[in-house]
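Reviewing the structure listed below.
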Amino acid sequence: MSEEQTGQSEGSSQARGVTVSDIQELIRRKEEIEAQIKANYEVLESGLQVDDEIVEFGSVNTQNFQSLHNIGNVVQHSEGKPLNVTVIRRGEKHQLRLVPTRWAGKGLLGCNIIPLQR
């Protein structure tokens, strides 16, 4: 038997070793992964978005806000801890919870917060 025939024979015997339950298990794992991806996407969609107007960020609110340094201080002191954030998005108030976390990029939030230009 040639090397090529041996390789083909081994491949087909491995393919015959796959059972219906193996395939069902792979389908189940695929569905679990897809559900996790969907859940992660929903978290990303519900977080801070472009054009959100922040009206409360942890202990900083419209009454005591002085500069973006206030926000930076809250973020630095809250690494790994949930922060309550209130935003106005397309005219509606939304309550969010952010957890400042180290990541590959700059900062702990994964976004830039800029002053509102009126």
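For the structure tokens, the naming scheme is as follows: chains receive sequential letters (A, B, ...) according to their order of presentation, residues are indexed from 1 within each chain, and ligands are indexed from 1 in presentation order.
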(message) Need the shell around Lys81 in chain A: protein/DNA/RNA residues with any atom at most 9 Å away, counting only C-alpha atoms. Skip same-chain ones fewer than 6 positions apart. Format as a list in words?
(response)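 Contacts, with the query itself left out: Leu98, Val99, Pro100 and Thr101 of chain A.
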Write to file, as a tab-separated table (two decimals), in the first residue's frame, the residues of the selection just made, with N, CA and C atoms.
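Just written: part_6.tsv:
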chain	number	residue	atom	x	y	z
A	98	LEU	N	-20.88	50.36	34.89
A	98	LEU	CA	-19.58	50.13	34.25
A	98	LEU	C	-18.60	49.65	35.30
A	99	VAL	N	-17.68	48.78	34.89
A	99	VAL	CA	-16.61	48.32	35.78
A	99	VAL	C	-15.30	48.70	35.12
A	100	PRO	N	-14.64	49.78	35.61
A	100	PRO	CA	-13.34	50.16	35.04
A	100	PRO	C	-12.35	49.00	35.18
A	101	THR	N	-11.75	48.61	34.06
A	101	THR	CA	-10.88	47.44	34.02
A	101	THR	C	-9.70	47.69	33.11
(request) Mind checking which residues fall within 12 Å of Arg90 in chain A, counting only C-alpha atoms, ignoring those fewer than 6 positions away in the same chain, and posting them as a PyMOL selection string? (result) chain A and resi 49-53
Next, dump the selected residues to file, keeping only all heavy atoms, as a compact mmCIF listing (two decimals), in the first residue's frame.
# COMPACT_ATOMS: atom_id res chain seq x y z
N GLN A 49 -22.33 54.87 24.59
CA GLN A 49 -22.36 54.97 23.14
C GLN A 49 -22.05 56.40 22.71
O GLN A 49 -22.20 57.33 23.50
CB GLN A 49 -23.75 54.57 22.61
CG GLN A 49 -24.09 53.13 22.89
CD GLN A 49 -25.46 52.75 22.38
OE1 GLN A 49 -26.13 53.52 21.69
NE2 GLN A 49 -25.90 51.55 22.71
N VAL A 50 -21.62 56.53 21.47
CA VAL A 50 -21.36 57.85 20.91
C VAL A 50 -22.62 58.69 21.07
O VAL A 50 -23.72 58.21 20.85
CB VAL A 50 -20.95 57.74 19.42
CG1 VAL A 50 -20.86 59.11 18.78
CG2 VAL A 50 -19.63 57.00 19.29
N ASP A 51 -22.45 59.93 21.48
CA ASP A 51 -23.52 60.91 21.67
C ASP A 51 -24.32 60.72 22.97
O ASP A 51 -25.28 61.44 23.19
CB ASP A 51 -24.49 60.97 20.48
CG ASP A 51 -23.79 61.51 19.23
OD1 ASP A 51 -22.89 62.34 19.37
OD2 ASP A 51 -24.17 61.08 18.12
N ASP A 52 -23.94 59.76 23.84
CA ASP A 52 -24.56 59.69 25.16
C ASP A 52 -24.16 60.93 25.93
O ASP A 52 -23.01 61.35 25.91
CB ASP A 52 -24.08 58.46 25.95
CG ASP A 52 -24.78 57.18 25.56
OD1 ASP A 52 -25.75 57.23 24.78
OD2 ASP A 52 -24.35 56.11 26.05
N GLU A 53 -25.10 61.54 26.62
CA GLU A 53 -24.81 62.68 27.49
C GLU A 53 -24.80 62.14 28.92
O GLU A 53 -25.83 61.70 29.44
CB GLU A 53 -25.87 63.76 27.33
CG GLU A 53 -25.60 64.97 28.18
CD GLU A 53 -26.65 66.06 27.99
OE1 GLU A 53 -27.35 66.06 26.95
OE2 GLU A 53 -26.76 66.90 28.89
(message) Using only C-alpha atoms for the distances, tell me which of A:Asn61, A:Asn73, A:Ser21, A:Ser67 is nearest to Val85 in chain A.
(response) A:Asn61
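The spacing separating CA of Leu48 in chain A from CA of Leu109 in chain A amounts to 9.4 Å.
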(request) Can you check which residues of range 19-73 of chain A DSSP gives as alpha helix (DSSP H) on the backbone and send them as a ChimeraX atom specification? (result) /A:20-46,68-73
(message) I'd like the contact shell of Leu83 in chain A - 12 Å cut-off, only C-alpha atoms, skipping same-chain residues fewer than 5 positions apart - returned as number ranges by chain.
(response) A: 47, 56-60, 71, 74-78, 95-101, 109
For the selection just defined, write its residues with all heavy atoms to a file, as a compact mmCIF listing (two decimals), in the first residue's frame.
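Full text of selection-v5.txt as output:
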# COMPACT_ATOMS: atom_id res chain seq x y z
N GLY A 47 -23.75 49.58 26.85
CA GLY A 47 -22.79 50.43 27.52
C GLY A 47 -22.79 51.81 26.97
O GLY A 47 -23.72 52.23 26.29
N GLU A 56 -24.66 61.58 35.28
CA GLU A 56 -24.13 61.10 36.56
C GLU A 56 -23.10 60.02 36.27
O GLU A 56 -23.33 59.13 35.46
CB GLU A 56 -25.25 60.54 37.42
CG GLU A 56 -24.79 60.12 38.80
CD GLU A 56 -25.95 59.63 39.66
OE1 GLU A 56 -27.11 59.78 39.26
OE2 GLU A 56 -25.66 59.10 40.73
N PHE A 57 -21.95 60.12 36.93
CA PHE A 57 -20.88 59.15 36.74
C PHE A 57 -20.31 58.84 38.12
O PHE A 57 -19.50 59.59 38.65
CB PHE A 57 -19.79 59.72 35.83
CG PHE A 57 -18.84 58.68 35.30
CD1 PHE A 57 -19.01 58.17 34.03
CD2 PHE A 57 -17.81 58.21 36.08
CE1 PHE A 57 -18.14 57.21 33.54
CE2 PHE A 57 -16.93 57.25 35.61
CZ PHE A 57 -17.10 56.75 34.33
N GLY A 58 -20.78 57.77 38.74
CA GLY A 58 -20.38 57.48 40.11
C GLY A 58 -20.85 58.62 41.01
O GLY A 58 -22.02 59.00 41.00
N SER A 59 -19.93 59.20 41.76
CA SER A 59 -20.27 60.30 42.68
C SER A 59 -20.32 61.66 41.99
O SER A 59 -20.72 62.64 42.60
CB SER A 59 -19.25 60.34 43.83
OG SER A 59 -17.95 60.55 43.32
N VAL A 60 -19.93 61.72 40.72
CA VAL A 60 -19.94 62.99 39.98
C VAL A 60 -21.28 63.15 39.28
O VAL A 60 -21.75 62.24 38.59
CB VAL A 60 -18.80 63.05 38.95
CG1 VAL A 60 -18.83 64.35 38.16
CG2 VAL A 60 -17.44 62.86 39.62
N ILE A 71 -14.14 62.94 36.61
CA ILE A 71 -14.47 61.62 36.07
C ILE A 71 -13.25 60.70 36.15
O ILE A 71 -13.34 59.55 36.58
CB ILE A 71 -14.96 61.71 34.60
CG1 ILE A 71 -16.17 62.62 34.48
CG2 ILE A 71 -15.22 60.33 34.01
CD1 ILE A 71 -17.44 62.10 35.05
N VAL A 74 -12.68 59.41 39.66
CA VAL A 74 -13.65 58.37 40.02
C VAL A 74 -13.25 57.05 39.37
O VAL A 74 -13.26 56.00 40.01
CB VAL A 74 -15.09 58.78 39.60
CG1 VAL A 74 -16.05 57.60 39.72
CG2 VAL A 74 -15.57 59.95 40.44
N VAL A 75 -12.88 57.09 38.09
CA VAL A 75 -12.48 55.87 37.37
C VAL A 75 -11.27 55.24 38.04
O VAL A 75 -11.25 54.04 38.31
CB VAL A 75 -12.21 56.17 35.89
CG1 VAL A 75 -11.56 54.97 35.20
CG2 VAL A 75 -13.49 56.56 35.17
N GLN A 76 -10.23 56.04 38.33
CA GLN A 76 -9.01 55.51 38.93
C GLN A 76 -9.28 54.85 40.28
O GLN A 76 -8.70 53.82 40.60
CB GLN A 76 -7.97 56.63 39.11
CG GLN A 76 -7.39 57.15 37.81
CD GLN A 76 -6.65 56.09 37.01
OE1 GLN A 76 -5.93 55.27 37.57
NE2 GLN A 76 -6.86 56.09 35.71
N HIS A 77 -10.17 55.42 41.07
CA HIS A 77 -10.46 54.88 42.40
C HIS A 77 -11.49 53.77 42.38
O HIS A 77 -11.81 53.20 43.42
CB HIS A 77 -10.91 56.01 43.34
CG HIS A 77 -9.80 56.95 43.69
ND1 HIS A 77 -9.59 58.12 43.00
CD2 HIS A 77 -8.83 56.88 44.63
CE1 HIS A 77 -8.53 58.72 43.50
NE2 HIS A 77 -8.05 58.00 44.49
N SER A 78 -12.01 53.46 41.20
CA SER A 78 -13.05 52.44 41.10
C SER A 78 -12.64 51.24 40.25
O SER A 78 -13.49 50.45 39.84
CB SER A 78 -14.33 53.06 40.49
OG SER A 78 -14.78 54.12 41.29
N GLN A 95 -29.87 54.00 32.86
CA GLN A 95 -28.98 53.66 33.96
C GLN A 95 -28.03 52.56 33.50
O GLN A 95 -28.49 51.53 32.99
CB GLN A 95 -29.78 53.16 35.17
CG GLN A 95 -30.85 54.10 35.68
CD GLN A 95 -30.24 55.30 36.39
OE1 GLN A 95 -29.19 55.20 37.01
NE2 GLN A 95 -30.90 56.44 36.29
N LEU A 96 -26.74 52.78 33.65
CA LEU A 96 -25.73 51.80 33.25
C LEU A 96 -24.86 51.45 34.45
O LEU A 96 -24.76 52.21 35.41
CB LEU A 96 -24.83 52.37 32.15
CG LEU A 96 -25.51 53.01 30.94
CD1 LEU A 96 -24.46 53.65 30.05
CD2 LEU A 96 -26.32 51.99 30.19
N ARG A 97 -24.21 50.31 34.37
CA ARG A 97 -23.20 49.94 35.37
C ARG A 97 -21.92 49.62 34.59
O ARG A 97 -21.92 48.73 33.75
CB ARG A 97 -23.63 48.74 36.20
CG ARG A 97 -24.73 49.09 37.19
CD ARG A 97 -25.13 47.88 38.00
NE ARG A 97 -24.08 47.43 38.88
CZ ARG A 97 -24.02 47.72 40.17
NH1 ARG A 97 -24.94 48.46 40.72
NH2 ARG A 97 -23.04 47.25 40.92
N LEU A 98 -20.88 50.36 34.89
CA LEU A 98 -19.58 50.13 34.25
C LEU A 98 -18.60 49.65 35.30
O LEU A 98 -18.65 50.08 36.45
CB LEU A 98 -19.04 51.43 33.63
CG LEU A 98 -19.89 52.10 32.57
CD1 LEU A 98 -19.21 53.39 32.11
CD2 LEU A 98 -20.11 51.18 31.40
N VAL A 99 -17.68 48.78 34.89
CA VAL A 99 -16.61 48.32 35.78
C VAL A 99 -15.30 48.70 35.12
O VAL A 99 -14.86 48.06 34.17
CB VAL A 99 -16.68 46.80 36.03
CG1 VAL A 99 -15.55 46.37 36.96
CG2 VAL A 99 -18.04 46.39 36.59
N PRO A 100 -14.64 49.78 35.61
CA PRO A 100 -13.34 50.16 35.04
C PRO A 100 -12.35 49.00 35.18
O PRO A 100 -12.15 48.47 36.28
CB PRO A 100 -12.92 51.36 35.88
CG PRO A 100 -14.21 51.90 36.44
CD PRO A 100 -15.07 50.69 36.66
N THR A 101 -11.75 48.61 34.06
CA THR A 101 -10.88 47.44 34.02
C THR A 101 -9.70 47.69 33.11
O THR A 101 -9.85 48.30 32.05
CB THR A 101 -11.68 46.22 33.48
OG1 THR A 101 -12.86 46.06 34.27
CG2 THR A 101 -10.86 44.94 33.54
N LEU A 109 -11.63 52.45 30.71
CA LEU A 109 -13.01 52.35 30.23
C LEU A 109 -13.14 51.84 28.81
O LEU A 109 -14.20 51.37 28.41
CB LEU A 109 -13.70 53.73 30.30
CG LEU A 109 -13.94 54.29 31.70
CD1 LEU A 109 -14.58 55.66 31.60
CD2 LEU A 109 -14.80 53.35 32.52
(message) Give me, as a ChimeraX atom specification, the residues of chain A that a backbone DSSP run labels strand (DSSP E).
(response) /A:53-57,60-61,83-89,92-98
Export of the given selection (C-alpha atoms) as a CSV table (one decimal), in the first residue's frame:
chain,number,residue,atom,x,y,z
A,53,GLU,CA,-24.8,62.7,27.5
A,54,ILE,CA,-23.5,61.6,30.9
A,55,VAL,CA,-25.5,63.2,33.7
A,56,GLU,CA,-24.1,61.1,36.6
A,57,PHE,CA,-20.9,59.2,36.7
A,60,VAL,CA,-19.9,63.0,40.0
A,61,ASN,CA,-23.2,64.6,38.8
A,83,LEU,CA,-19.9,52.3,38.9
A,84,ASN,CA,-23.4,53.6,38.4
A,85,VAL,CA,-23.7,55.9,35.3
A,86,THR,CA,-26.7,57.7,34.1
A,87,VAL,CA,-26.9,58.9,30.5
A,88,ILE,CA,-29.3,60.7,28.3
A,89,ARG,CA,-29.5,58.7,25.0
A,92,GLU,CA,-34.3,59.0,27.2
A,93,LYS,CA,-32.6,58.5,30.5
A,94,HIS,CA,-30.6,55.2,30.9
A,95,GLN,CA,-29.0,53.7,34.0
A,96,LEU,CA,-25.7,51.8,33.3
A,97,ARG,CA,-23.2,49.9,35.4
A,98,LEU,CA,-19.6,50.1,34.2
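Coordinates place CA of Glu42 in chain A at a distance of 25.8 Å from CA of Glu25 in chain A.
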(message) Quick check, in Å to one decimal: how far apart do CA of Gly105 in chain A and CA of Glu79 in chain A lie?
(response)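 The value is 14.9 Å.
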